[in-house]
Every structure is written in structure tokens, then in C-alpha cells.
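Only one structure is covered here, and it is reproduced in the block below.
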Amino acid sequence: MEINKNTVEIELGKLYAIWLREFKVFLREKSRLVASTFTPLLWLFVIGAGFGSTVGNPGIGVLVSGIDYQQFIFPGIICMSVIFSSVFFGSYIIWDRKFDFLKSVMVAPVSRTTIFIGKTFGGMTTSLIQAAILLAIGLAIGINYTPISIVAITVLILLLSFALTSLGLTLGSYMESLEGFQLIVSFVVFPLYFLSGALFPLNNLPSWLSYLTMIDPATYAVDAIRNMMLGLDGKNPFVVDIGVLALSVVVLGTIGMLSFRRMKAV
């Protein structure tokens, strides 16, 4: 029993070391934080205000109970930040490979599963910090939080981030060039974002489009966060949303771990 306890402590120490390294890299790249925050704000204030001025109160039926279009898309903007930062986190695998850091980690006495989880936790931390900044800005546009909603939103962000960071790391494990990774990821992040219902309600969509939104994990995150943040009835019950996100974590996390086990360090 003592041996098992020591083994767990050692693995947790390795996991912490990998997470800490990723977190320190993020802290040193202040321009990355500024850039990743600027884009969602641009969408929130320019697209939100621009489309909001044309939608009007009757509009397309999304503005109810005093909620304007800018507030309606705010949960989607939060998820936008998570989607982009999480999936693009996979590019750091390519950088680590270029500078031989990945090779050093791979030959160390640490399992690839631990490496994968540590890096995933690093991506989750990055996404959560960026989302926290946006949540604070939400107060300026009239978003009111409760302790329960803050906890629920945080859990939803972490689940979505784990799933999509796993996806990003999976893609990064198969790519050898940063240019190729960015090209492939562009075909991933934009469908994830636009099909999530971040910018429009999911009611009365064409059948083919409705089916596509159902296979997008970000759809369930936007739906649940909008429910908790604005009190709007979601397309799905909250339990269904969080259940699908948890399933996405298991599926994409498993795929990511298997991909890491097969990945070449050079």
C-alpha cells in the first residue's frame, strides 16, 4: 500500500512539473494573453453592437426579458476564447519538437499519459484565465452572476477546454510543421465556433444544419453557459449539456492519450 501511495505521489509530482512548465510559458508570453483577449472583445463589441443595432428588440426572436443581442452572444464569446486557445495549444507540441524539449521529456522516466494530461491541464489553465478576464468584462455589459452560476460556468469552461485541448494536442502529435498545423486547425476551430449557436439561436434551423450543431461539443457548452448566465431556457436540459461535455472529455481525452503513445519525439 505504501508503494502504491509513493507511486501516485511521484506521478502527481511529474504531472505538476509539466503543468507548471506550461503555465510559466504562458506567463512569459504576455503578448499571447493580449492577443487572445482582443479578438473575443472585437467580436463582442463590434459584431455585438453592429448586429445588435440591426436586430432590434423583436428581431429574430432571441431578445427577450430585456436581454440585448450583445448579452445574448456573450456566452458564445466566452466559448470562442476557449475554442481558439484550447485547439491552438496543440501547436506547442510542434515547438517542443523543434527545440528538442519534447525529446527530453519523452526519454524521461514519465509516462506519455502523464505528459498528455499535464499539457492538457496547462491548456485548461490558459483557457480559464482568458475566460476569467472576459467574465469580468461581462459586468460592463450588464451580465449579473451568482455564486452558483460562477461555479457552473467554471466547470463548463474546464470541461470544454479539456476536450478541445485534447483535440488540439492530438492534431499536433501528427503534424510536423507549424504551417500545416495552422492550416488544418483553421478547418476545425471555425466550424466548432460557428456551429455552436454562439451568434444565433438554434431553433428553427434547417435539418442538415441542426444535425451538424448536435455533433459540436461547443454547442452544449454555449447552451449551458447561456442558461446559467442569462437564465434563458436552453435547447437541451442542463444535465444533457454537461453530460455530453463529459462524454466529449472521455472520448477526445482517450484519443489524445492513444495518439501521444504513438507519437514520435523527433
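Ordering of the C-alpha cells sets the chain letters (A, B, ...); residue numbers start at 1 within each chain; ligands are numbered from 1 in the order shown.
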### Query
Contacts of region 83-96 of chain A at 7 Å or less, counting only C-alpha atoms, minus same-chain residues fewer than 5 places along, as a list in words?
Phe101, Leu102, Gly123, Ser127, Ser161, Leu164, Thr165, Leu167, Gly168, Leu169, Leu171, Gly172, Ser173, Glu176, Ser177, Leu178, Phe181 and Val189 of chain A
### All residues 10 Å or closer to Gly76 (chain A), only C-alpha atoms, same chain fewer than 2 positions away omitted, as a PyMOL selection string
chain A and resi 40+44+71-74+78-82+193-194+196-200+218-219+221-223+225-226
### Query
Residues at most 12 Å from Ala17 (chain A), counting only C-alpha atoms, excluding those fewer than 3 positions away in the same chain, as an NGL selection string?
:A and (10-14 or 20-24 or 105 or 110 or 114-115 or 117-119 or 121-122)
So that I can check the surroundings of Asn227 (chain A), please list as an mmCIF file with N, CA and C atoms, in the first residue's frame every protein, DNA and RNA residue that reaches within 9 Å of it, counting only C-alpha atoms and ignoring chain neighbours fewer than 6 positions away.
```cif
data_model
loop_
_atom_site.group_PDB
_atom_site.id
_atom_site.type_symbol
_atom_site.label_atom_id
_atom_site.label_comp_id
_atom_site.auth_asym_id
_atom_site.auth_seq_id
_atom_site.Cartn_x
_atom_site.Cartn_y
_atom_site.Cartn_z
ATOM 1 N N ASP A 233 -33.967 29.574 -21.336
ATOM 2 C CA ASP A 233 -34.176 28.135 -21.498
ATOM 3 C C ASP A 233 -33.315 27.638 -22.649
ATOM 4 N N GLY A 234 -32.482 26.647 -22.380
ATOM 5 C CA GLY A 234 -31.600 26.127 -23.396
ATOM 6 C C GLY A 234 -32.315 25.178 -24.338
ATOM 7 N N PHE A 238 -29.933 21.193 -18.796
ATOM 8 C CA PHE A 238 -28.566 21.414 -18.328
ATOM 9 C C PHE A 238 -27.835 20.089 -18.106
#
```
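CA of Ala163 (chain A) sits 20.4 Å away from CA of Leu134 (chain A).
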### Summary
As a check of understanding: the span from CA of Ile129 (chain A) to CA of Thr113 (chain A) is 24.4 Å
### Summary
Between CA of Thr213 (chain A) and CA of Leu247 (chain A) lies a distance of 16.1 Å
### Task
Would you please give, as a PyMOL selection string, all residues of region 14-135 of chain A that DSSP assigns to alpha helix (DSSP H) based on the backbone?
chain A and resi 14-28+30-42+48-55+69-88+91-98+101-106+112-135
### Message
Using only C-alpha atoms, can you tell me which of A:Asn204, A:Thr39, A:Ser111, A:Asn144 comes closest to Ile67 (chain A)?
### Response
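The answer is A:Asn144, which sits nearest to Ile67 (chain A).
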### Shell of 9 Å around Ala152 (chain A), only C-alpha atoms, local chain residues under 4 positions omitted, as a list in words
Pro147, Ile148, Leu156, Ile157, Ala224, Ile225 and Met228 of chain A
Please save C-alpha atoms of the selected residues as a JSON list (two decimals), in the first residue's frame.
```json
[["chain", "number", "residue", "atom", "x", "y", "z"],
["A", 147, "PRO", "CA", -22.03, 32.17, -6.83],
["A", 148, "ILE", "CA", -23.81, 29.14, -8.28],
["A", 156, "LEU", "CA", -18.35, 24.05, -18.12],
["A", 157, "ILE", "CA", -15.31, 26.01, -19.29],
["A", 224, "ALA", "CA", -25.46, 25.55, -20.77],
["A", 225, "ILE", "CA", -23.49, 28.75, -20.13],
["A", 228, "MET", "CA", -26.67, 29.72, -16.26]]
```
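The nearest approach to Ile184 (chain A) among the residues A:Leu205, A:Ser149, A:Leu158, A:Thr170, with only C-alpha atoms taken into account, belongs to A:Thr170.
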